[in-house]
Amino acid sequence: MAWEYSDKTKQLFMDAVQGKPGTHLGEIENADGVGEHGSIVCGDALKFTFRVRRAENPLDDVITEAKYLTFGCTSAIAASEALCALIEGKGLTPIQALRIRNQDIVEYLEGLPQQKIHCSVMGAEALEAAVVDWAAKRGVDLAAAGVKLSGEKADEDGRIVCKCFAITEPYLRRKIRELHLRTVDDVTAALKAGGMCGACRYAPGGIQDILNDIWPDACATCPSGGACPASAAPAEPSPFQIAKKIESALETDVRPALRRDGGDLELVDIKGWKVYVSLKGHCATCLGASHTLQLLVERTLKDAVDSRIEVIPV
Amino acid sequence: MNPTAPLVYADHNATTPVAPEVVEAMLPWLRSGYFNPSSMYEPALRAAHAVRDARAAVAAFVGAADPSEILFTSCATESNNTALFGVAAANPSRRHIVTSAVEHPAILEVCRELERRGCEITRLPVDRQGRIATADYVRALRPDTLLVTLMMANNETGVAWPVGDWARIAKATDPSIVFHTDATQAAGKLPIDLSGDLRHVDLLSFSGHKMNAPKGIGVLYIRRGTALRPYLYGGHQESGRRGGTENVPYIAGLARACELAKAHAADLPALAARRDALEADLLHLIPYAEVNGRGAPRTPNTLNLSFHYVEGEAILYALNAQGICASTGSACSSGSLEPSHVLRAMDIPFTAMHGSLRLSFGLSNPQSDYDRIRDVLPPIIADLRRLSPYWDQKTNAPRPR
Ligand SMILES: Cc1ncc(COP(=O)(O)O)c(C=O)c1O
Ligand code: FES
């Protein structure tokens with residue numbers, strides 16, 4: 001998919017990459033607010049820092065400087081630059097800065113392709129985290145100041161189970177029932193949840209736990225007590241005795257001869273009367289060995305085990 | 001865009017420029033030779049002969065015993081669909097298919113659909129270098145195995161597999177197993193000899209646009225005697241195996257491309273040498289870089305790199321601004337929010353997964369193209385790392401976390 005970025009987005013990205021003066025690349029040392037969002041696993045991450053001019057009353061602190069470090073695609077980097085430009089030098093208090101939403105970032109960028117909107121969300125989330133950090137450092141009670149964080153909003157909508165795809169528990173529960181998803185793989189295939197870093201698959205409260213909760217363990221309540229055929233291993237098609245005989249014939253009649261020449265042989269598989277062997281060491285690089293081996297091993301096994309045996313070198 | 005520098009096209013695994021000779025071979029059939037090869041007059045007969053000659057040229061290119069084994073399709077995707085659905089329809093008593101985790105979607109999605117229709121699919125895993133363990137493959141074959149489909153070379157990493165050997169093992173296990181290979185990334189880059197080392201392969205797909213023919217023409221090789229139901233029902237064309245009036249100009253163009261590929265086979269080692277030199281230079285110039293699939297045999301034109309702690313889409317954009325065309329497996333480029341299934345199957349560390357860059361060359365790239373990339377790429381990676389919260393500028397290494 002080719003880029004459909006606005007000229008503004010392209011310009012901000014190139015300025016940042018080339019480190020033009022006036023861009024907000026970097027990290028403020030001893031910053032008053034530090035916020036991070038995303039992770040390298042997901043493919044984007046942003047570290048956002050700002051400095052304030054401290055006032056008597058922390059609520060009157062004004063943001064004077066904002067910087068970012070971003071791991072991400074073209075639009076993630078441009079969105080980080082946009083975020084800083086929207087905040088810095090506008091006389092905003094940290095709480096006023098929170099009014100900047102991802103839509104403002106999108107507008108500043110003169111639009112973003114639909115599939116890139118999450119890049120602007122990341123900026124807004126990092127800003128929020130930085131403001132929370134500032135509030136903690138300055139002893140500001142955000143809730144008392146009337147600030148509603150989007151993290152709390154997420155709680156209303158439900159706990160996020162899969163962070164990579166921002167998938168909530170109520171949504172997962174509804175879909176698992178609707179689509180009759182039974183295993184974690186089913187869930188990943190149908191809903192993507194668990195398909196990126198995998199951290200949410202077996203974590204406490206993760207996808208497996210939710211599945212266990214929705215579909216109580218059938219085997220645990222089954223009267224057979226786990227002794228039913230469904231829980232037993234599938235029957236082995238190649239009889240154990242044949243395999244044993246083949247192994248011992250190879251060990252006594254074939255391997256010594258090969259080892260004398262600096263080679264060896266590995267038994268890879270047995271299917272019915274077909275025996276798959278692989279040459280090792282010196283024999284593996286010797287041209288013509290595979291043919292000789294096939295004849296030698298096949299004759300030995302036909303004699304020692306069964307005349308129907310066929311040897312396949314692999 | 002840098003308007004002064006010439007375009008560097010390093011994305012030949014996506015598609016290739018149409019060779020001028022191919023255009024020349026097509027033009028007569030677009031201009032005055034527009035006739036339907038099935039019609040009953042002299043000019044139409046010439047069109048029919050063009051298709052016949054083209055079929056023979058393509059057969060010679062892949063070492064087919066007989067031109068009738070060549071089926072013309074519209075693309076590799078159609079060839080793959082025809083092969084897989086056609087084999088499944090012709091053998092309803094068997095339901096098991098062996099494939100790999102790293103096939104192109106034109107195989108993976110067909111397998112997923114066959115799964116919905118009741119087939120059972122074994123998807124073989126790969127190691128860190130993109131290789132399949134032969135023992136895994138052998139163990140996957142079952143008494144009810146219908147089909148094996150494993151690609152000859154991977155589109156993302158260029159890793160090439162010994163499909164000829166695997167086909168031999170399949171046939172020795174059970175002659176009824178049908179062996180298919182998607183050779184889309186091999187055609188023109190690796191030898192294809194269906195009478196030689198690939199003599200146990202039953203079905204082989206490839207596409208014109210990956211080998212200097214235009215988009216819209218593909219091939220499915222069908223070894224004589226392979227049971228296959230048609231995929232496109234219609235007229236009697238292609239011996240009743242695919243309805244639809246023959247695409248005469250494109251068929252003629254593809255045949256010319258096959259002849260050219262054959263003639264240029266001797267240049268492939270030089271292609272590999274240029275790639276290898278660039279690879280060595282980049283690994284030398286860029287810290288925390290690795291080559292995906294380096295430990296396996298690869299097609300001579302493909303170089304898949306991962307740069308830790310940078311994001312691939314941003315690399316592509318910065319290259320694009322310098323007039324260099326390449327591709328990435330990063331999530332941000334695919335629109336799917338997920339990084340490449342191939343790199344994930346290879347278990348590339350997540351710090352490098354998003355920073356992959358695929359450079360794929362053609363014989364028409366001059367040495368100066370490789371030199372441009374060697375000069376331009378290292379500063380781009382350094383610039384993006386300067387932006388990255390995971391990179392420490394002072395030590396020029398990842399930040400301790
Ligand atoms: C390995 C492989 N198979 C199939 C295809 C699909 O080819 P086409 O676009 O001709 O259908 C591609 C193209 O990217 C490919 O690389
Ligand atoms: S949290 Fe990473 S895949 Fe769900």
# chains A, B, ... in the order shown; residues from 1 in each chain; ligands from 1

$ residues_around --residues "Thr183 of chain A" --least-positions-apart "6" --cutoff "9 Å" --atoms "only C-alpha atoms" --output "number ranges by chain"
A: 207-208, 211

$ write_last_selection --atoms "N, CA, C and O atoms" --output "tab-separated table (two decimals), in the first residue's frame"
chain	number	residue	atom	x	y	z
A	207	ILE	N	-6.70	-14.76	27.86
A	207	ILE	CA	-7.69	-15.40	26.99
A	207	ILE	C	-8.05	-16.81	27.49
A	207	ILE	O	-9.22	-17.18	27.55
A	208	GLN	N	-7.02	-17.58	27.90
A	208	GLN	CA	-7.29	-18.95	28.35
A	208	GLN	C	-8.20	-18.93	29.58
A	208	GLN	O	-9.15	-19.71	29.68
A	211	LEU	N	-11.67	-18.26	28.54
A	211	LEU	CA	-12.25	-19.46	27.92
A	211	LEU	C	-12.65	-20.48	28.98
A	211	LEU	O	-13.73	-21.06	28.92

$ closest_atom_pairs --of "chain A" --to "chain B" --cutoff "6 Å" --atoms "only C-alpha atoms" --output "JSON lines"
{"residue": "A:Val17", "atom": "CA", "partner": "B:Asp383", "partner_atom": "CA", "distance": 5.6}
{"residue": "A:Val41", "atom": "CA", "partner": "B:Phe350", "partner_atom": "CA", "distance": 5.6}
{"residue": "A:Gly43", "atom": "CA", "partner": "B:His354", "partner_atom": "CA", "distance": 5.8}
{"residue": "A:Leu69", "atom": "CA", "partner": "B:Pro389", "partner_atom": "CA", "distance": 4.8}
{"residue": "A:Thr70", "atom": "CA", "partner": "B:Ser388", "partner_atom": "CA", "distance": 4.8}
{"residue": "A:Phe71", "atom": "CA", "partner": "B:Ser388", "partner_atom": "CA", "distance": 4.7}
{"residue": "A:Gly72", "atom": "CA", "partner": "B:Glu311", "partner_atom": "CA", "distance": 5.1}
{"residue": "A:Cys73", "atom": "CA", "partner": "B:Ala314", "partner_atom": "CA", "distance": 4.5}
{"residue": "A:Thr74", "atom": "CA", "partner": "B:Ala314", "partner_atom": "CA", "distance": 4.6}
{"residue": "A:Val268", "atom": "CA", "partner": "B:Ala135", "partner_atom": "CA", "distance": 5.8}

$ residues_around --residues "Pro162 of chain B" --least-positions-apart "5" --cutoff "10 Å" --atoms "only C-alpha atoms" --output "MDAnalysis selection string"
chainID B and resid 131:132 134 150:153 167 197:198 297

$ write_last_selection --atoms "C-alpha atoms" --output "PDB file, in the first residue's frame"
ATOM      1  CA  ARG B 131      14.388 -23.948   6.880  1.00  0.00           C
ATOM      2  CA  ILE B 132      12.071 -26.941   7.369  1.00  0.00           C
ATOM      3  CA  THR B 134      13.275 -32.954   6.825  1.00  0.00           C
ATOM      4  CA  LEU B 150       5.699 -26.206  -0.359  1.00  0.00           C
ATOM      5  CA  MET B 151       7.192 -23.181  -2.051  1.00  0.00           C
ATOM      6  CA  MET B 152      10.419 -23.345  -4.020  1.00  0.00           C
ATOM      7  CA  ALA B 153      11.672 -19.971  -2.762  1.00  0.00           C
ATOM      8  CA  ALA B 167       8.775 -34.587  -3.825  1.00  0.00           C
ATOM      9  CA  ASP B 197      15.844 -32.763  -9.984  1.00  0.00           C
ATOM     10  CA  LEU B 198      12.159 -31.765  -9.982  1.00  0.00           C
ATOM     11  CA  PRO B 297      20.383 -21.306   0.478  1.00  0.00           C
TER      12      PRO B 297
END

$ residues_near_ligand --ligand "ligand 2" --cutoff "6 Å" --atoms "only C-alpha atoms and all ligand atoms" --output "ChimeraX atom specification"
/A:162-164,193-200

$ write_last_selection --atoms "N, CA, C and O atoms" --output "PDB file, in the first residue's frame"
ATOM      1  N   CYS A 162      -6.234  -7.849  25.712  1.00  0.00           N
ATOM      2  CA  CYS A 162      -5.133  -7.879  24.747  1.00  0.00           C
ATOM      3  C   CYS A 162      -4.715  -6.443  24.469  1.00  0.00           C
ATOM      4  O   CYS A 162      -5.434  -5.695  23.806  1.00  0.00           O
ATOM      5  N   LYS A 163      -3.540  -6.084  24.962  1.00  0.00           N
ATOM      6  CA  LYS A 163      -3.097  -4.701  24.815  1.00  0.00           C
ATOM      7  C   LYS A 163      -2.693  -4.402  23.381  1.00  0.00           C
ATOM      8  O   LYS A 163      -2.882  -3.305  22.889  1.00  0.00           O
ATOM      9  N   CYS A 164      -2.112  -5.399  22.724  1.00  0.00           N
ATOM     10  CA  CYS A 164      -1.624  -5.150  21.366  1.00  0.00           C
ATOM     11  C   CYS A 164      -2.747  -4.712  20.437  1.00  0.00           C
ATOM     12  O   CYS A 164      -2.555  -3.891  19.557  1.00  0.00           O
ATOM     13  N   ALA A 193      -6.977 -11.161  18.944  1.00  0.00           N
ATOM     14  CA  ALA A 193      -6.471 -11.064  20.307  1.00  0.00           C
ATOM     15  C   ALA A 193      -5.462 -12.178  20.555  1.00  0.00           C
ATOM     16  O   ALA A 193      -5.724 -13.339  20.247  1.00  0.00           O
ATOM     17  N   GLY A 194      -4.313 -11.825  21.103  1.00  0.00           N
ATOM     18  CA  GLY A 194      -3.288 -12.822  21.374  1.00  0.00           C
ATOM     19  C   GLY A 194      -2.368 -13.076  20.196  1.00  0.00           C
ATOM     20  O   GLY A 194      -1.440 -13.870  20.289  1.00  0.00           O
ATOM     21  N   GLY A 195      -2.599 -12.387  19.099  1.00  0.00           N
ATOM     22  CA  GLY A 195      -1.848 -12.703  17.885  1.00  0.00           C
ATOM     23  C   GLY A 195      -0.572 -11.923  17.700  1.00  0.00           C
ATOM     24  O   GLY A 195       0.130 -12.109  16.721  1.00  0.00           O
ATOM     25  N   MET A 196      -0.270 -11.011  18.643  1.00  0.00           N
ATOM     26  CA  MET A 196       0.952 -10.234  18.441  1.00  0.00           C
ATOM     27  C   MET A 196       2.030 -10.690  19.420  1.00  0.00           C
ATOM     28  O   MET A 196       2.764 -11.608  19.150  1.00  0.00           O
ATOM     29  N   CYS A 197       2.097 -10.109  20.603  1.00  0.00           N
ATOM     30  CA  CYS A 197       3.170 -10.492  21.521  1.00  0.00           C
ATOM     31  C   CYS A 197       2.819 -11.786  22.243  1.00  0.00           C
ATOM     32  O   CYS A 197       3.702 -12.481  22.750  1.00  0.00           O
ATOM     33  N   GLY A 198       1.527 -12.133  22.279  1.00  0.00           N
ATOM     34  CA  GLY A 198       1.119 -13.371  22.923  1.00  0.00           C
ATOM     35  C   GLY A 198       1.029 -13.281  24.431  1.00  0.00           C
ATOM     36  O   GLY A 198       0.651 -14.244  25.098  1.00  0.00           O
ATOM     37  N   ALA A 199       1.356 -12.118  24.996  1.00  0.00           N
ATOM     38  CA  ALA A 199       1.399 -11.994  26.457  1.00  0.00           C
ATOM     39  C   ALA A 199       0.038 -12.247  27.088  1.00  0.00           C
ATOM     40  O   ALA A 199      -0.055 -12.684  28.229  1.00  0.00           O
ATOM     41  N   CYS A 200      -1.035 -11.977  26.346  1.00  0.00           N
ATOM     42  CA  CYS A 200      -2.366 -12.075  26.938  1.00  0.00           C
ATOM     43  C   CYS A 200      -2.949 -13.479  26.802  1.00  0.00           C
ATOM     44  O   CYS A 200      -4.060 -13.727  27.239  1.00  0.00           O
TER      45      CYS A 200
END

$ select_by_dssp --residues "segment 22-247 of chain A" --states "helix (DSSP H, G or I)" --output "PyMOL selection string"
chain A and resi 58-60+74-87+94-97+102-108+114-138+150-157+169-179+184-191+207-214+218-221+229-231+240-247

$ decode --residues "segment 280-316 of chain B" --atoms "N, CA and C atoms" --output "mmCIF file, in the first residue's frame"
data_model
loop_
_atom_site.group_PDB
_atom_site.id
_atom_site.type_symbol
_atom_site.label_atom_id
_atom_site.label_comp_id
_atom_site.auth_asym_id
_atom_site.auth_seq_id
_atom_site.Cartn_x
_atom_site.Cartn_y
_atom_site.Cartn_z
ATOM 1 N N ALA B 280 27.490 -7.728 2.924
ATOM 2 C CA ALA B 280 28.669 -7.623 3.792
ATOM 3 C C ALA B 280 28.923 -6.168 4.172
ATOM 4 N N ASP B 281 28.782 -5.262 3.191
ATOM 5 C CA ASP B 281 29.006 -3.841 3.473
ATOM 6 C C ASP B 281 28.016 -3.326 4.506
ATOM 7 N N LEU B 282 26.738 -3.663 4.318
ATOM 8 C CA LEU B 282 25.715 -3.124 5.225
ATOM 9 C C LEU B 282 25.904 -3.668 6.632
ATOM 10 N N LEU B 283 26.243 -4.952 6.723
ATOM 11 C CA LEU B 283 26.456 -5.521 8.062
ATOM 12 C C LEU B 283 27.657 -4.863 8.734
ATOM 13 N N HIS B 284 28.605 -4.462 7.921
ATOM 14 C CA HIS B 284 29.785 -3.804 8.458
ATOM 15 C C HIS B 284 29.455 -2.372 8.907
ATOM 16 N N LEU B 285 28.618 -1.700 8.117
ATOM 17 C CA LEU B 285 28.365 -0.273 8.363
ATOM 18 C C LEU B 285 27.276 -0.022 9.405
ATOM 19 N N ILE B 286 26.391 -0.995 9.606
ATOM 20 C CA ILE B 286 25.237 -0.742 10.478
ATOM 21 C C ILE B 286 25.276 -1.703 11.663
ATOM 22 N N PRO B 287 25.412 -1.174 12.891
ATOM 23 C CA PRO B 287 25.396 -2.074 14.039
ATOM 24 C C PRO B 287 23.988 -2.617 14.280
ATOM 25 N N TYR B 288 23.898 -3.706 14.983
ATOM 26 C CA TYR B 288 22.610 -4.318 15.310
ATOM 27 C C TYR B 288 21.744 -4.528 14.070
ATOM 28 N N ALA B 289 22.371 -5.097 13.044
ATOM 29 C CA ALA B 289 21.624 -5.468 11.843
ATOM 30 C C ALA B 289 21.814 -6.958 11.650
ATOM 31 N N GLU B 290 20.823 -7.633 11.112
ATOM 32 C CA GLU B 290 21.035 -9.029 10.766
ATOM 33 C C GLU B 290 20.341 -9.357 9.464
ATOM 34 N N VAL B 291 20.811 -10.435 8.833
ATOM 35 C CA VAL B 291 20.257 -10.854 7.553
ATOM 36 C C VAL B 291 19.363 -12.055 7.811
ATOM 37 N N ASN B 292 18.100 -11.940 7.470
ATOM 38 C CA ASN B 292 17.166 -13.032 7.708
ATOM 39 C C ASN B 292 17.304 -14.095 6.625
ATOM 40 N N GLY B 293 17.550 -15.322 7.055
ATOM 41 C CA GLY B 293 17.701 -16.422 6.102
ATOM 42 C C GLY B 293 19.126 -16.584 5.608
ATOM 43 N N ARG B 294 20.068 -15.914 6.267
ATOM 44 C CA ARG B 294 21.447 -15.937 5.784
ATOM 45 C C ARG B 294 22.053 -17.332 5.855
ATOM 46 N N GLY B 295 21.591 -18.141 6.798
ATOM 47 C CA GLY B 295 22.169 -19.472 6.967
ATOM 48 C C GLY B 295 21.586 -20.515 6.040
ATOM 49 N N ALA B 296 20.686 -20.115 5.158
ATOM 50 C CA ALA B 296 20.041 -21.081 4.260
ATOM 51 C C ALA B 296 20.380 -20.721 2.818
ATOM 52 N N PRO B 297 20.231 -21.675 1.889
ATOM 53 C CA PRO B 297 20.383 -21.306 0.478
ATOM 54 C C PRO B 297 19.304 -20.273 0.125
ATOM 55 N N ARG B 298 19.667 -19.281 -0.691
ATOM 56 C CA ARG B 298 18.707 -18.228 -1.037
ATOM 57 C C ARG B 298 18.727 -17.949 -2.531
ATOM 58 N N THR B 299 17.658 -17.321 -3.016
ATOM 59 C CA THR B 299 17.659 -16.835 -4.390
ATOM 60 C C THR B 299 18.734 -15.750 -4.491
ATOM 61 N N PRO B 300 19.324 -15.594 -5.687
ATOM 62 C CA PRO B 300 20.485 -14.698 -5.784
ATOM 63 C C PRO B 300 20.154 -13.214 -5.684
ATOM 64 N N ASN B 301 18.864 -12.864 -5.714
ATOM 65 C CA ASN B 301 18.524 -11.435 -5.816
ATOM 66 C C ASN B 301 17.990 -10.835 -4.527
ATOM 67 N N THR B 302 17.773 -11.661 -3.489
ATOM 68 C CA THR B 302 17.001 -11.193 -2.337
ATOM 69 C C THR B 302 17.886 -10.982 -1.125
ATOM 70 N N LEU B 303 17.668 -9.841 -0.452
ATOM 71 C CA LEU B 303 18.404 -9.523 0.768
ATOM 72 C C LEU B 303 17.392 -8.992 1.769
ATOM 73 N N ASN B 304 17.095 -9.810 2.796
ATOM 74 C CA ASN B 304 16.133 -9.392 3.814
ATOM 75 C C ASN B 304 16.882 -9.071 5.098
ATOM 76 N N LEU B 305 16.848 -7.798 5.472
ATOM 77 C CA LEU B 305 17.611 -7.348 6.638
ATOM 78 C C LEU B 305 16.668 -6.955 7.757
ATOM 79 N N SER B 306 17.117 -7.114 8.981
ATOM 80 C CA SER B 306 16.393 -6.557 10.122
ATOM 81 C C SER B 306 17.316 -5.614 10.865
ATOM 82 N N PHE B 307 16.788 -4.432 11.154
ATOM 83 C CA PHE B 307 17.535 -3.461 11.947
ATOM 84 C C PHE B 307 16.832 -3.340 13.287
ATOM 85 N N HIS B 308 17.563 -3.694 14.351
ATOM 86 C CA HIS B 308 16.955 -3.626 15.670
ATOM 87 C C HIS B 308 16.607 -2.186 16.018
ATOM 88 N N TYR B 309 15.452 -2.026 16.672
ATOM 89 C CA TYR B 309 15.023 -0.744 17.262
ATOM 90 C C TYR B 309 14.669 0.334 16.260
ATOM 91 N N VAL B 310 14.404 -0.016 15.007
ATOM 92 C CA VAL B 310 13.793 0.948 14.099
ATOM 93 C C VAL B 310 12.612 0.264 13.420
ATOM 94 N N GLU B 311 11.750 1.064 12.835
ATOM 95 C CA GLU B 311 10.518 0.549 12.291
ATOM 96 C C GLU B 311 10.609 0.581 10.768
ATOM 97 N N GLY B 312 10.208 -0.527 10.142
ATOM 98 C CA GLY B 312 10.434 -0.698 8.711
ATOM 99 C C GLY B 312 9.732 0.295 7.818
ATOM 100 N N GLU B 313 8.525 0.660 8.183
ATOM 101 C CA GLU B 313 7.786 1.567 7.309
ATOM 102 C C GLU B 313 8.480 2.917 7.234
ATOM 103 N N ALA B 314 9.033 3.344 8.365
ATOM 104 C CA ALA B 314 9.752 4.615 8.371
ATOM 105 C C ALA B 314 11.017 4.517 7.501
ATOM 106 N N ILE B 315 11.671 3.351 7.532
ATOM 107 C CA ILE B 315 12.852 3.155 6.666
ATOM 108 C C ILE B 315 12.435 3.292 5.205
ATOM 109 N N LEU B 316 11.329 2.623 4.866
ATOM 110 C CA LEU B 316 10.862 2.667 3.474
ATOM 111 C C LEU B 316 10.570 4.083 3.038
#
